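This is run.cif. It holds mmCIF, C-alpha atoms (C1' of nucleotides).
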```cif
data_upload
#
loop_
_atom_site.label_atom_id
_atom_site.label_comp_id
_atom_site.auth_asym_id
_atom_site.auth_seq_id
_atom_site.Cartn_x
_atom_site.Cartn_y
_atom_site.Cartn_z
CA MET Q 48 -57.21 -64.86 22.17
CA ARG Q 49 -54.93 -66.40 19.60
CA THR Q 50 -54.19 -65.08 16.14
CA SER Q 51 -56.60 -67.17 14.13
CA GLU Q 52 -59.44 -66.60 16.56
CA LEU Q 53 -59.03 -62.84 16.37
CA ALA Q 54 -58.69 -63.07 12.59
CA GLY Q 55 -61.86 -65.11 12.39
CA ARG Q 56 -63.84 -62.75 14.58
CA ALA Q 57 -62.69 -59.68 12.73
CA GLY Q 58 -63.06 -61.25 9.33
CA VAL Q 59 -59.46 -60.86 8.21
CA ASN Q 60 -56.70 -63.23 7.27
CA ALA Q 61 -54.38 -64.22 10.12
CA GLU Q 62 -51.41 -63.04 8.06
CA THR Q 63 -53.02 -59.64 7.88
CA LEU Q 64 -52.74 -59.30 11.65
CA ARG Q 65 -49.01 -59.87 11.52
CA TYR Q 66 -48.81 -57.44 8.63
CA TYR Q 67 -50.62 -54.74 10.62
CA GLU Q 68 -48.32 -55.37 13.55
CA ARG Q 69 -45.22 -55.08 11.36
CA ARG Q 70 -46.64 -51.88 9.97
CA GLY Q 71 -47.12 -50.44 13.44
CA LEU Q 72 -50.88 -50.26 13.08
CA LEU Q 73 -51.50 -52.79 15.82
CA GLU Q 74 -49.57 -52.91 19.07
CA GLU Q 75 -47.61 -56.05 19.79
CA PRO Q 76 -49.80 -58.20 21.99
CA PRO Q 77 -48.40 -60.10 24.99
CA ARG Q 78 -47.14 -63.61 24.32
CA THR Q 79 -47.83 -66.96 25.93
CA LEU Q 80 -44.94 -68.95 27.36
CA GLY Q 81 -44.71 -70.78 24.07
CA GLY Q 82 -44.36 -67.52 22.19
CA TYR Q 83 -47.89 -67.35 20.80
CA ARG Q 84 -49.59 -63.98 20.50
CA ASP Q 85 -52.33 -63.52 23.08
CA TYR Q 86 -54.67 -60.73 22.04
CA PRO Q 87 -56.95 -58.98 24.50
CA ALA Q 88 -60.69 -59.00 23.76
CA SER Q 89 -60.54 -55.32 22.86
CA ALA Q 90 -58.51 -56.17 19.77
CA VAL Q 91 -61.66 -57.26 17.97
CA GLY Q 92 -63.18 -53.79 18.30
CA LEU Q 93 -59.94 -52.21 17.24
CA LEU Q 94 -59.78 -54.30 14.09
CA ARG Q 95 -63.39 -53.55 13.28
CA PHE Q 96 -62.52 -49.87 13.57
CA VAL Q 97 -59.71 -50.38 11.09
CA LYS Q 98 -61.92 -52.19 8.63
CA ARG Q 99 -64.71 -49.67 8.93
CA ALA Q 100 -62.33 -46.80 8.37
CA GLN Q 101 -60.95 -48.60 5.32
CA GLU Q 102 -64.46 -48.96 3.97
CA LEU Q 103 -64.85 -45.24 4.41
CA GLY Q 104 -61.91 -44.73 2.11
CA PHE Q 105 -59.12 -44.12 4.61
CA THR Q 106 -55.72 -45.58 3.78
CA LEU Q 107 -53.92 -47.61 6.42
CA ASP Q 108 -51.61 -44.67 7.05
CA GLU Q 109 -54.62 -42.55 7.81
CA VAL Q 110 -56.18 -45.22 9.97
CA GLU Q 111 -52.97 -45.26 11.95
CA GLU Q 112 -53.20 -41.52 12.29
CA LEU Q 113 -56.78 -41.80 13.50
CA LEU Q 114 -55.79 -44.41 16.05
CA HIS Q 115 -53.03 -42.22 17.41
CA LEU Q 116 -55.46 -39.33 17.51
CA ASP Q 117 -57.92 -41.27 19.62
CA GLY Q 118 -57.87 -40.24 23.23
CA GLY Q 119 -55.75 -37.17 22.62
CA GLY Q 120 -58.33 -34.63 23.77
CA PRO Q 121 -59.98 -31.71 21.95
CA ASP Q 122 -57.07 -30.98 19.59
CA SER Q 123 -57.12 -34.55 18.38
CA CYS Q 124 -60.82 -34.26 17.83
CA ASP Q 125 -60.27 -31.32 15.51
CA ALA Q 126 -57.52 -33.18 13.69
CA ALA Q 127 -59.77 -36.20 13.24
CA ARG Q 128 -62.49 -33.98 11.89
CA ALA Q 129 -60.10 -32.36 9.42
CA LEU Q 130 -58.95 -35.76 8.22
CA ALA Q 131 -62.53 -36.94 7.78
CA GLU Q 132 -63.48 -33.81 5.89
CA ARG Q 133 -60.52 -34.18 3.59
CA ARG Q 134 -61.42 -37.79 2.90
CA ARG Q 135 -65.04 -36.80 2.31
CA ASP Q 136 -64.04 -34.15 -0.22
CA ASP Q 137 -61.68 -36.58 -1.96
CA LEU Q 138 -64.56 -38.98 -2.29
CA ALA Q 139 -66.80 -36.31 -3.78
CA ALA Q 140 -64.15 -35.50 -6.37
CA ARG Q 141 -63.58 -39.15 -7.19
CA ILE Q 142 -67.30 -39.69 -7.60
CA ALA Q 143 -67.54 -36.75 -9.99
CA ASP Q 144 -64.66 -38.22 -12.02
CA LEU Q 145 -66.27 -41.60 -12.28
CA GLN Q 146 -69.59 -40.03 -13.14
CA ARG Q 147 -67.97 -38.27 -16.07
CA MET Q 148 -66.43 -41.53 -17.24
CA HIS Q 149 -69.76 -43.25 -16.88
CA ASP Q 150 -71.61 -40.64 -18.89
CA SER Q 151 -68.96 -40.72 -21.59
CA LEU Q 152 -69.19 -44.44 -21.82
CA SER Q 153 -72.97 -44.36 -21.92
CA GLY Q 154 -72.79 -41.94 -24.79
CA LEU Q 155 -70.38 -44.21 -26.61
CA VAL Q 156 -72.54 -47.27 -26.17
CA GLU Q 157 -75.40 -45.32 -27.70
CA THR Q 158 -73.42 -44.84 -30.87
CA CYS Q 159 -73.77 -48.61 -31.30
CA ASP Q 160 -77.42 -48.06 -32.18
CA LEU Q 161 -76.51 -45.74 -34.99
CA PRO Q 162 -76.84 -47.21 -38.49
CA ARG Q 163 -73.48 -48.57 -39.59
CA ALA Q 164 -72.43 -47.44 -43.02
CA ASP Q 165 -70.10 -50.35 -43.60
CA ARG Q 166 -68.44 -52.77 -41.22
CA ARG Q 167 -66.77 -50.15 -38.97
CA CYS Q 168 -67.56 -50.19 -35.27
CA ALA Q 169 -69.03 -46.87 -34.24
CA LEU Q 170 -67.87 -47.35 -30.66
CA LEU Q 171 -64.25 -47.93 -31.57
CA GLU Q 172 -64.35 -45.07 -34.06
CA ALA Q 173 -65.82 -42.81 -31.41
CA ILE Q 174 -63.13 -43.58 -28.88
CA LYS Q 175 -60.50 -42.75 -31.47
CA MET J 91 -40.61 -40.93 -35.36
CA ARG J 92 -38.33 -41.86 -32.49
CA THR J 93 -39.38 -43.01 -29.07
CA SER J 94 -39.11 -39.75 -27.20
CA GLU J 95 -40.85 -37.81 -29.93
CA LEU J 96 -43.81 -40.17 -29.89
CA ALA J 97 -43.81 -40.13 -26.12
CA GLY J 98 -43.84 -36.35 -26.11
CA ARG J 99 -46.64 -36.10 -28.62
CA ALA J 100 -48.78 -38.63 -26.84
CA GLY J 101 -47.99 -37.25 -23.42
CA VAL J 102 -46.48 -40.39 -21.96
CA ASN J 103 -43.07 -41.34 -20.63
CA ALA J 104 -40.74 -42.92 -23.19
CA GLU J 105 -40.31 -45.93 -20.92
CA THR J 106 -44.04 -46.43 -21.06
CA LEU J 107 -43.84 -47.08 -24.78
CA ARG J 108 -41.37 -49.89 -24.26
CA TYR J 109 -43.55 -51.21 -21.49
CA TYR J 110 -46.60 -51.26 -23.76
CA GLU J 111 -44.58 -53.05 -26.42
CA ARG J 112 -43.35 -55.69 -23.96
CA ARG J 113 -46.90 -56.14 -22.84
CA GLY J 114 -48.05 -56.74 -26.40
CA LEU J 115 -50.25 -53.65 -26.42
CA LEU J 116 -48.23 -51.92 -29.10
CA GLU J 117 -46.82 -53.68 -32.13
CA GLU J 118 -43.06 -53.64 -32.50
CA PRO J 119 -42.24 -50.76 -34.84
CA PRO J 120 -39.63 -51.06 -37.58
CA ARG J 121 -36.07 -50.18 -36.63
CA THR J 122 -33.48 -47.86 -38.10
CA LEU J 123 -30.10 -49.28 -39.12
CA GLY J 124 -28.78 -48.32 -35.73
CA GLY J 125 -31.52 -50.28 -33.98
CA TYR J 126 -33.68 -47.32 -32.96
CA ARG J 127 -37.44 -47.73 -33.01
CA ASP J 128 -39.04 -45.81 -35.87
CA TYR J 129 -42.73 -45.31 -35.22
CA PRO J 130 -45.21 -44.48 -37.98
CA ALA J 131 -47.26 -41.28 -37.60
CA SER J 132 -50.34 -43.38 -36.86
CA ALA J 133 -48.84 -44.45 -33.55
CA VAL J 134 -49.80 -41.11 -32.03
CA GLY J 135 -53.48 -41.77 -32.67
CA LEU J 136 -53.15 -45.28 -31.36
CA LEU J 137 -51.61 -44.08 -28.12
CA ARG J 138 -54.29 -41.45 -27.71
CA PHE J 139 -56.84 -44.21 -28.09
CA VAL J 140 -55.11 -46.13 -25.32
CA LYS J 141 -55.04 -43.14 -23.03
CA ARG J 142 -58.63 -42.23 -23.71
CA ALA J 143 -59.78 -45.77 -23.05
CA GLN J 144 -57.82 -45.75 -19.81
CA GLU J 145 -59.54 -42.55 -18.79
CA LEU J 146 -62.82 -44.30 -19.44
CA GLY J 147 -61.85 -46.88 -16.87
CA PHE J 148 -60.60 -49.68 -19.11
CA THR J 149 -57.61 -51.66 -17.87
CA LEU J 150 -54.69 -52.17 -20.24
CA ASP J 151 -55.80 -55.77 -20.75
CA GLU J 152 -59.16 -54.48 -21.90
CA VAL J 153 -57.58 -51.85 -24.08
CA GLU J 154 -55.61 -54.62 -25.73
CA GLU J 155 -58.82 -56.55 -26.27
CA LEU J 156 -60.42 -53.47 -27.81
CA LEU J 157 -57.47 -53.00 -30.12
CA HIS J 158 -57.65 -56.59 -31.29
CA LEU J 159 -61.37 -56.17 -31.78
CA ASP J 160 -60.92 -53.18 -34.02
CA GLY J 161 -61.38 -53.96 -37.66
CA GLY J 162 -62.83 -57.40 -37.05
CA GLY J 163 -66.24 -56.73 -38.56
CA PRO J 164 -69.76 -56.84 -37.05
CA ASP J 165 -68.98 -59.55 -34.49
CA SER J 166 -66.16 -57.47 -33.08
CA CYS J 167 -68.48 -54.52 -32.92
CA ASP J 168 -70.85 -56.49 -30.72
CA ALA J 169 -67.99 -57.64 -28.54
CA ALA J 170 -66.75 -54.09 -28.16
CA ARG J 171 -70.22 -52.99 -27.20
CA ALA J 172 -70.49 -55.75 -24.60
CA LEU J 173 -67.14 -54.74 -23.13
CA ALA J 174 -68.18 -51.11 -22.96
CA GLU J 175 -71.50 -51.96 -21.34
CA ARG J 176 -69.76 -54.09 -18.76
CA ARG J 177 -67.35 -51.30 -17.95
CA ARG J 178 -70.22 -48.81 -17.76
CA ASP J 179 -72.11 -51.02 -15.30
CA ASP J 180 -68.98 -51.53 -13.21
CA LEU J 181 -68.61 -47.80 -13.03
CA ALA J 182 -72.20 -47.34 -11.92
CA ALA J 183 -71.69 -49.86 -9.14
CA ARG J 184 -68.43 -48.26 -8.06
CA ILE J 185 -70.05 -44.85 -7.99
CA ALA J 186 -72.86 -46.16 -5.80
CA ASP J 187 -70.26 -47.63 -3.40
CA LEU J 188 -68.35 -44.40 -3.14
CA GLN J 189 -71.55 -42.46 -2.68
CA ARG J 190 -72.43 -44.64 0.29
CA MET J 191 -68.99 -44.04 1.79
CA HIS J 192 -69.32 -40.35 1.17
CA ASP J 193 -72.71 -40.15 2.86
CA SER J 194 -71.47 -42.18 5.81
CA LEU J 195 -68.52 -39.90 6.22
CA SER J 196 -70.67 -36.80 5.93
CA GLY J 197 -72.86 -38.16 8.68
CA LEU J 198 -69.83 -38.79 10.84
CA VAL J 199 -68.44 -35.33 10.36
CA GLU J 200 -71.78 -33.97 11.50
CA THR J 201 -71.38 -35.74 14.81
CA CYS J 202 -68.49 -33.34 15.41
CA ASP J 203 -71.04 -30.56 15.90
CA LEU J 204 -72.75 -32.47 18.65
CA PRO J 205 -72.08 -31.23 22.17
CA ARG J 206 -69.19 -33.18 23.66
CA ALA J 207 -69.83 -34.50 27.15
CA ASP J 208 -66.17 -34.65 28.07
CA ARG J 209 -63.05 -34.80 25.95
CA ARG J 210 -64.06 -37.80 23.76
CA CYS J 211 -64.12 -37.36 20.02
CA ALA J 212 -67.60 -38.05 18.71
CA LEU J 213 -66.23 -38.93 15.28
CA LEU J 214 -63.83 -41.56 16.56
CA GLU J 215 -66.49 -42.92 18.86
CA ALA J 216 -68.92 -43.14 15.98
CA ILE J 217 -66.56 -45.07 13.76
CA LYS J 218 -65.99 -47.56 16.54
"C1'" DC F 77 -13.05 -36.57 -34.11
"C1'" DT F 78 -15.17 -35.40 -30.10
"C1'" DT F 79 -18.89 -34.28 -27.23
"C1'" DG F 80 -23.40 -34.48 -25.63
"C1'" DA F 81 -27.89 -35.97 -26.32
"C1'" DC F 82 -30.30 -39.62 -27.39
"C1'" DT F 83 -31.46 -44.73 -27.57
"C1'" DC F 84 -30.85 -49.59 -26.74
"C1'" DT F 85 -31.29 -53.93 -23.55
"C1'" DG F 86 -32.42 -56.39 -19.39
"C1'" DT F 87 -33.42 -56.12 -14.88
"C1'" DA F 88 -35.11 -54.26 -10.70
"C1'" DG F 89 -37.75 -51.06 -7.96
"C1'" DT F 90 -42.15 -48.40 -6.79
"C1'" DC F 91 -46.90 -48.04 -4.61
"C1'" DA F 92 -50.78 -50.42 -1.26
"C1'" DG F 93 -52.36 -53.91 0.91
"C1'" DG F 94 -51.86 -57.85 1.58
"C1'" DT F 95 -50.85 -63.29 0.83
"C1'" DC F 96 -48.02 -67.40 0.81
"C1'" DC F 97 -44.29 -70.37 2.01
"C1'" DA F 98 -40.59 -73.27 4.23
"C1'" DG F 99 -38.92 -74.96 8.05
"C1'" DG F 100 -39.43 -75.13 12.32
"C1'" DG F 101 -41.88 -75.06 17.50
"C1'" DT F 102 -46.29 -75.68 20.56
"C1'" DT F 103 -50.62 -77.41 22.21
"C1'" DC F 104 -54.07 -80.61 23.05
"C1'" DA F 105 -57.05 -84.52 22.76
"C1'" DC F 106 -56.79 -89.34 22.57
"C1'" DG C 13 -46.65 -90.15 23.71
"C1'" DT C 14 -48.03 -89.11 19.40
"C1'" DG C 15 -50.51 -87.06 15.53
"C1'" DA C 16 -53.16 -83.29 14.01
"C1'" DA C 17 -53.87 -78.71 14.22
"C1'" DC C 18 -52.19 -74.75 15.30
"C1'" DC C 19 -48.49 -71.00 15.66
"C1'" DC C 20 -43.85 -68.81 14.95
"C1'" DT C 21 -40.25 -66.17 11.87
"C1'" DG C 22 -38.24 -63.99 7.88
"C1'" DG C 23 -38.70 -63.43 3.51
"C1'" DA C 24 -40.60 -63.86 -1.20
"C1'" DC C 25 -44.47 -63.08 -4.05
"C1'" DC C 26 -48.86 -60.87 -5.98
"C1'" DT C 27 -51.56 -57.07 -8.88
"C1'" DG C 28 -51.34 -52.88 -12.26
"C1'" DA C 29 -49.13 -49.59 -14.42
"C1'" DC C 30 -45.45 -47.86 -14.72
"C1'" DT C 31 -40.43 -45.86 -13.70
"C1'" DA C 32 -35.44 -46.12 -12.94
"C1'" DC C 33 -31.02 -47.69 -13.76
"C1'" DA C 34 -26.50 -49.50 -15.54
"C1'" DG C 35 -23.80 -50.14 -19.15
"C1'" DA C 36 -23.43 -50.05 -23.87
"C1'" DG C 37 -24.31 -48.26 -28.57
"C1'" DT C 38 -25.78 -44.37 -32.06
"C1'" DC C 39 -26.39 -39.92 -34.02
"C1'" DA C 40 -25.63 -35.10 -35.29
"C1'" DA C 41 -23.40 -30.66 -34.63
"C1'" DG C 42 -19.18 -28.23 -34.44
#
```
Show me the file's structure as structure tokens.
Amino acid sequence: MRTSELAGRAGVNAETLRYYERRGLLEEPPRTLGGYRDYPASAVGLLRFVKRAQELGFTLDEVEELLHLDGGGPDSCDAARALAERRRDDLAARIADLQRMHDSLSGLVETCDLPRADRRCALLEAIK
Amino acid sequence: MRTSELAGRAGVNAETLRYYERRGLLEEPPRTLGGYRDYPASAVGLLRFVKRAQELGFTLDEVEELLHLDGGGPDSCDAARALAERRRDDLAARIADLQRMHDSLSGLVETCDLPRADRRCALLEAIK
DNA sequence: CTTGACTCTGTAGTCAGGTCCAGGGTTCAC
DNA sequence: GTGAACCCTGGACCTGACTACAGAGTCAAG
């Protein structure tokens, strides 16, 4: 499978594949006589794994770690679990942060309904 | 007030002040004879406004917009409100996204407690 | 008058995760 | 055999919000 076909199937830009390869995330595929990359069919699944892990909030460094972990036996399984738990807890913390911001902002927007003494903006005043 | 004093009081790096000025976020302060920036006392409050707005999820571009809005009368007040509501809704959407990721990840971690047939990692398998 | 701490300018580097480009080579259908 | 469509490489560029640096000038205490 050539670069653009794999890119199309996995829903990424073809340049992204080269970027992942440079980064060491993807193994270098074999080449055709003309020097074109020739990906195996399994590369599609691999890329989907990468994208899914990204959606779950893993960085590319972590995805790489997960990939190296794969197939490493029980110890790797524990390591993968630890990584996932860490990411899960990070997400919970991030959500709590954003929720605080959201509530703050909601409160501020409500000040807009307050009667305005003169021409001052209650929202801007409140942020100050 | 000189650069590092303002920076200290507002809790930012002195370089950040120059950066904000270059960016047009902060007005150029008057200069001493020697060419040093000489900030008015009000700059501390202004910077705190910037930082607070950032905490609320506004980008610096938006903060700039808010600053220009300030003092512009009732129309500006409405514009500020619209900006705040937009930011609030963005936050709600972002929170929902992260919550989905979090739940997905929680589910995955739970697969770790499943009995393992052989040495395969249930988590890695599940992400695939 | 010297020393050390501060400040100035302009430019460049950092982080992540790509994206784009020029200037070539390859493949394939017609 | 030729034109279009694809692919190659190395490197530059992008966003956002800073941060660092070199080389020069300024200020205040002793």
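Note that atom CA of Glu74 of chain Q and atom CA of His115 of chain Q are 11.4 Å apart.
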Problem - Closest of Q:Tyr83, Q:Phe105, Q:Tyr66, Q:Phe96 to chain C - atom-to-atom distances counting all atoms listed in the file - result: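 Of the candidates, the smallest distance to chain C is held by Q:Tyr83.
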Output as a Markdown table one row per residue of chain J within 9 Å of chain F: the closest atom pair and its distance in Å to one decimal place, counting only C-alpha atoms (C1' of nucleotides), sorted by chain and residue number ascending.
```
| residue | atom | partner | partner_atom | distance |
| --- | --- | --- | --- | --- |
| J:Arg92 | CA | F:DT83 | C1' | 8.9 |
| J:Thr93 | CA | F:DT83 | C1' | 8.2 |
| J:Ser94 | CA | F:DC82 | C1' | 8.8 |
| J:Gly125 | CA | F:DC84 | C1' | 7.3 |
| J:Tyr126 | CA | F:DT83 | C1' | 6.4 |
| J:Arg127 | CA | F:DT83 | C1' | 8.6 |
```
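For the pair atom CA of Asp160 of chain Q and atom CA of Ala183 of chain J, the separation is 23.8 Å.
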Exercise for the section: Skip Gly71 of chain Q itself and residues of its chain fewer than 6 positions away, then list as a PyMOL selection string all residues within 12 Å of it, counting only C-alpha atoms (C1' of nucleotides). Expected result: chain Q and resi 64-65+107-108+110-112+114-115
Exercise for the section: Show me which bits of chain C are within 12 Å of chain J, counting only C-alpha atoms (C1' of nucleotides), as a VMD selection string. Expected result: chain C and resid 28 to 33 37 to 39
Problem - Å distance separating atom CA of Leu181 of chain J from atom CA of Leu152 of chain Q, one decimal place - result: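 These atoms are spaced 9.4 Å apart.
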Exercise for the section: Rank nothing, just name the residue among J:Ala143, J:Leu188, J:Ala100, J:Cys202 nearest to Ala129 of chain Q, using all atoms listed in the file. Expected result: J:Cys202
Where does chain J end up after superposition onto chain Q over all in-order Cα pairs? Give it as a compact mmCIF listing (two decimals) with C-alpha atoms, keeping the file's coordinate frame.
```
# COMPACT_ATOMS: atom_id res chain seq x y z
CA MET J 91 -57.14 -64.86 22.22
CA ARG J 92 -54.85 -66.40 19.64
CA THR J 93 -54.13 -65.07 16.20
CA SER J 94 -56.52 -67.19 14.19
CA GLU J 95 -59.34 -66.67 16.64
CA LEU J 96 -58.99 -62.91 16.43
CA ALA J 97 -58.66 -63.13 12.68
CA GLY J 98 -61.82 -65.19 12.47
CA ARG J 99 -63.80 -62.86 14.68
CA ALA J 100 -62.69 -59.78 12.84
CA GLY J 101 -63.08 -61.38 9.44
CA VAL J 102 -59.50 -60.98 8.30
CA ASN J 103 -56.72 -63.36 7.36
CA ALA J 104 -54.38 -64.30 10.21
CA GLU J 105 -51.42 -63.11 8.16
CA THR J 106 -53.05 -59.72 7.96
CA LEU J 107 -52.76 -59.34 11.71
CA ARG J 108 -49.02 -59.87 11.58
CA TYR J 109 -48.85 -57.47 8.68
CA TYR J 110 -50.69 -54.79 10.65
CA GLU J 111 -48.35 -55.34 13.58
CA ARG J 112 -45.25 -55.04 11.39
CA ARG J 113 -46.70 -51.89 9.96
CA GLY J 114 -47.17 -50.42 13.41
CA LEU J 115 -50.95 -50.29 13.06
CA LEU J 116 -51.55 -52.79 15.83
CA GLU J 117 -49.61 -52.83 19.07
CA GLU J 118 -47.62 -55.96 19.80
CA PRO J 119 -49.80 -58.11 22.06
CA PRO J 120 -48.39 -59.97 25.05
CA ARG J 121 -47.09 -63.47 24.40
CA THR J 122 -47.75 -66.83 26.00
CA LEU J 123 -44.82 -68.81 27.41
CA GLY J 124 -44.57 -70.61 24.12
CA GLY J 125 -44.27 -67.34 22.22
CA TYR J 126 -47.81 -67.23 20.84
CA ARG J 127 -49.52 -63.87 20.55
CA ASP J 128 -52.27 -63.45 23.13
CA TYR J 129 -54.64 -60.69 22.10
CA PRO J 130 -56.95 -58.94 24.56
CA ALA J 131 -60.70 -59.02 23.82
CA SER J 132 -60.56 -55.34 22.89
CA ALA J 133 -58.53 -56.17 19.81
CA VAL J 134 -61.68 -57.29 18.03
CA GLY J 135 -63.21 -53.83 18.34
CA LEU J 136 -59.98 -52.24 17.25
CA LEU J 137 -59.82 -54.35 14.12
CA ARG J 138 -63.43 -53.59 13.32
CA PHE J 139 -62.56 -49.93 13.59
CA VAL J 140 -59.75 -50.45 11.10
CA LYS J 141 -61.98 -52.28 8.68
CA ARG J 142 -64.77 -49.76 8.96
CA ALA J 143 -62.38 -46.88 8.38
CA GLN J 144 -61.02 -48.70 5.34
CA GLU J 145 -64.52 -49.08 4.00
CA LEU J 146 -64.92 -45.35 4.42
CA GLY J 147 -61.99 -44.87 2.09
CA PHE J 148 -59.19 -44.25 4.58
CA THR J 149 -55.79 -45.71 3.74
CA LEU J 150 -54.01 -47.74 6.41
CA ASP J 151 -51.66 -44.80 7.00
CA GLU J 152 -54.68 -42.65 7.75
CA VAL J 153 -56.22 -45.31 9.93
CA GLU J 154 -53.00 -45.33 11.90
CA GLU J 155 -53.20 -41.57 12.23
CA LEU J 156 -56.78 -41.85 13.44
CA LEU J 157 -55.79 -44.45 16.00
CA HIS J 158 -53.01 -42.25 17.33
CA LEU J 159 -55.44 -39.36 17.44
CA ASP J 160 -57.90 -41.27 19.55
CA GLY J 161 -57.85 -40.27 23.17
CA GLY J 162 -55.72 -37.19 22.60
CA GLY J 163 -58.29 -34.65 23.73
CA PRO J 164 -59.97 -31.73 21.90
CA ASP J 165 -57.04 -31.02 19.57
CA SER J 166 -57.10 -34.59 18.33
CA CYS J 167 -60.80 -34.30 17.80
CA ASP J 168 -60.24 -31.35 15.48
CA ALA J 169 -57.51 -33.21 13.65
CA ALA J 170 -59.76 -36.22 13.21
CA ARG J 171 -62.47 -33.99 11.86
CA ALA J 172 -60.07 -32.38 9.40
CA LEU J 173 -58.94 -35.80 8.21
CA ALA J 174 -62.51 -36.95 7.75
CA GLU J 175 -63.46 -33.80 5.86
CA ARG J 176 -60.49 -34.21 3.58
CA ARG J 177 -61.42 -37.80 2.86
CA ARG J 178 -65.04 -36.79 2.26
CA ASP J 179 -63.99 -34.13 -0.25
CA ASP J 180 -61.66 -36.56 -2.00
CA LEU J 181 -64.54 -38.94 -2.34
CA ALA J 182 -66.78 -36.26 -3.81
CA ALA J 183 -64.13 -35.44 -6.39
CA ARG J 184 -63.58 -39.10 -7.23
CA ILE J 185 -67.29 -39.63 -7.64
CA ALA J 186 -67.52 -36.69 -10.02
CA ASP J 187 -64.65 -38.16 -12.08
CA LEU J 188 -66.27 -41.55 -12.32
CA GLN J 189 -69.59 -39.98 -13.19
CA ARG J 190 -67.97 -38.20 -16.11
CA MET J 191 -66.44 -41.47 -17.30
CA HIS J 192 -69.75 -43.20 -16.90
CA ASP J 193 -71.61 -40.58 -18.92
CA SER J 194 -68.96 -40.65 -21.63
CA LEU J 195 -69.20 -44.38 -21.87
CA SER J 196 -72.99 -44.29 -21.95
CA GLY J 197 -72.78 -41.86 -24.83
CA LEU J 198 -70.40 -44.15 -26.65
CA VAL J 199 -72.56 -47.19 -26.21
CA GLU J 200 -75.41 -45.22 -27.74
CA THR J 201 -73.40 -44.75 -30.90
CA CYS J 202 -73.76 -48.51 -31.34
CA ASP J 203 -77.42 -47.95 -32.22
CA LEU J 204 -76.49 -45.61 -35.02
CA PRO J 205 -76.82 -47.04 -38.52
CA ARG J 206 -73.47 -48.45 -39.62
CA ALA J 207 -72.39 -47.37 -43.08
CA ASP J 208 -70.18 -50.38 -43.63
CA ARG J 209 -68.55 -52.78 -41.21
CA ARG J 210 -66.82 -50.17 -38.98
CA CYS J 211 -67.58 -50.17 -35.29
CA ALA J 212 -69.03 -46.82 -34.29
CA LEU J 213 -67.88 -47.30 -30.70
CA LEU J 214 -64.26 -47.91 -31.61
CA GLU J 215 -64.36 -45.07 -34.08
CA ALA J 216 -65.78 -42.77 -31.44
CA ILE J 217 -63.10 -43.56 -28.91
CA LYS J 218 -60.45 -42.80 -31.48
```
Incomplete segment 101-112 of chain Q filled out to N, CA and C atoms as a PDB file, in the coordinates of the input:
```pdb
ATOM      1  N   GLN Q 101     -61.380 -48.263   6.685  1.00  0.00           N
ATOM      2  CA  GLN Q 101     -60.950 -48.600   5.320  1.00  0.00           C
ATOM      3  C   GLN Q 101     -62.134 -48.515   4.366  1.00  0.00           C
ATOM      4  N   GLU Q 102     -63.259 -49.024   4.806  1.00  0.00           N
ATOM      5  CA  GLU Q 102     -64.460 -48.960   3.970  1.00  0.00           C
ATOM      6  C   GLU Q 102     -64.830 -47.521   3.659  1.00  0.00           C
ATOM      7  N   LEU Q 103     -64.520 -46.646   4.604  1.00  0.00           N
ATOM      8  CA  LEU Q 103     -64.850 -45.240   4.410  1.00  0.00           C
ATOM      9  C   LEU Q 103     -63.820 -44.540   3.530  1.00  0.00           C
ATOM     10  N   GLY Q 104     -62.860 -45.294   3.061  1.00  0.00           N
ATOM     11  CA  GLY Q 104     -61.910 -44.730   2.110  1.00  0.00           C
ATOM     12  C   GLY Q 104     -60.609 -44.252   2.716  1.00  0.00           C
ATOM     13  N   PHE Q 105     -60.397 -44.508   4.006  1.00  0.00           N
ATOM     14  CA  PHE Q 105     -59.120 -44.120   4.610  1.00  0.00           C
ATOM     15  C   PHE Q 105     -58.046 -45.136   4.242  1.00  0.00           C
ATOM     16  N   THR Q 106     -56.838 -44.661   4.002  1.00  0.00           N
ATOM     17  CA  THR Q 106     -55.720 -45.580   3.780  1.00  0.00           C
ATOM     18  C   THR Q 106     -55.255 -46.088   5.145  1.00  0.00           C
ATOM     19  N   LEU Q 107     -54.420 -47.092   5.153  1.00  0.00           N
ATOM     20  CA  LEU Q 107     -53.920 -47.610   6.420  1.00  0.00           C
ATOM     21  C   LEU Q 107     -53.083 -46.564   7.155  1.00  0.00           C
ATOM     22  N   ASP Q 108     -52.369 -45.763   6.426  1.00  0.00           N
ATOM     23  CA  ASP Q 108     -51.610 -44.670   7.050  1.00  0.00           C
ATOM     24  C   ASP Q 108     -52.553 -43.742   7.805  1.00  0.00           C
ATOM     25  N   GLU Q 109     -53.664 -43.443   7.180  1.00  0.00           N
ATOM     26  CA  GLU Q 109     -54.620 -42.550   7.810  1.00  0.00           C
ATOM     27  C   GLU Q 109     -55.306 -43.214   8.996  1.00  0.00           C
ATOM     28  N   VAL Q 110     -55.572 -44.490   8.859  1.00  0.00           N
ATOM     29  CA  VAL Q 110     -56.180 -45.220   9.970  1.00  0.00           C
ATOM     30  C   VAL Q 110     -55.241 -45.154  11.167  1.00  0.00           C
ATOM     31  N   GLU Q 111     -53.963 -45.328  10.877  1.00  0.00           N
ATOM     32  CA  GLU Q 111     -52.970 -45.260  11.950  1.00  0.00           C
ATOM     33  C   GLU Q 111     -53.026 -43.889  12.626  1.00  0.00           C
ATOM     34  N   GLU Q 112     -53.113 -42.887  11.791  1.00  0.00           N
ATOM     35  CA  GLU Q 112     -53.200 -41.520  12.290  1.00  0.00           C
ATOM     36  C   GLU Q 112     -54.431 -41.365  13.189  1.00  0.00           C
TER      37      GLU Q 112
END
```
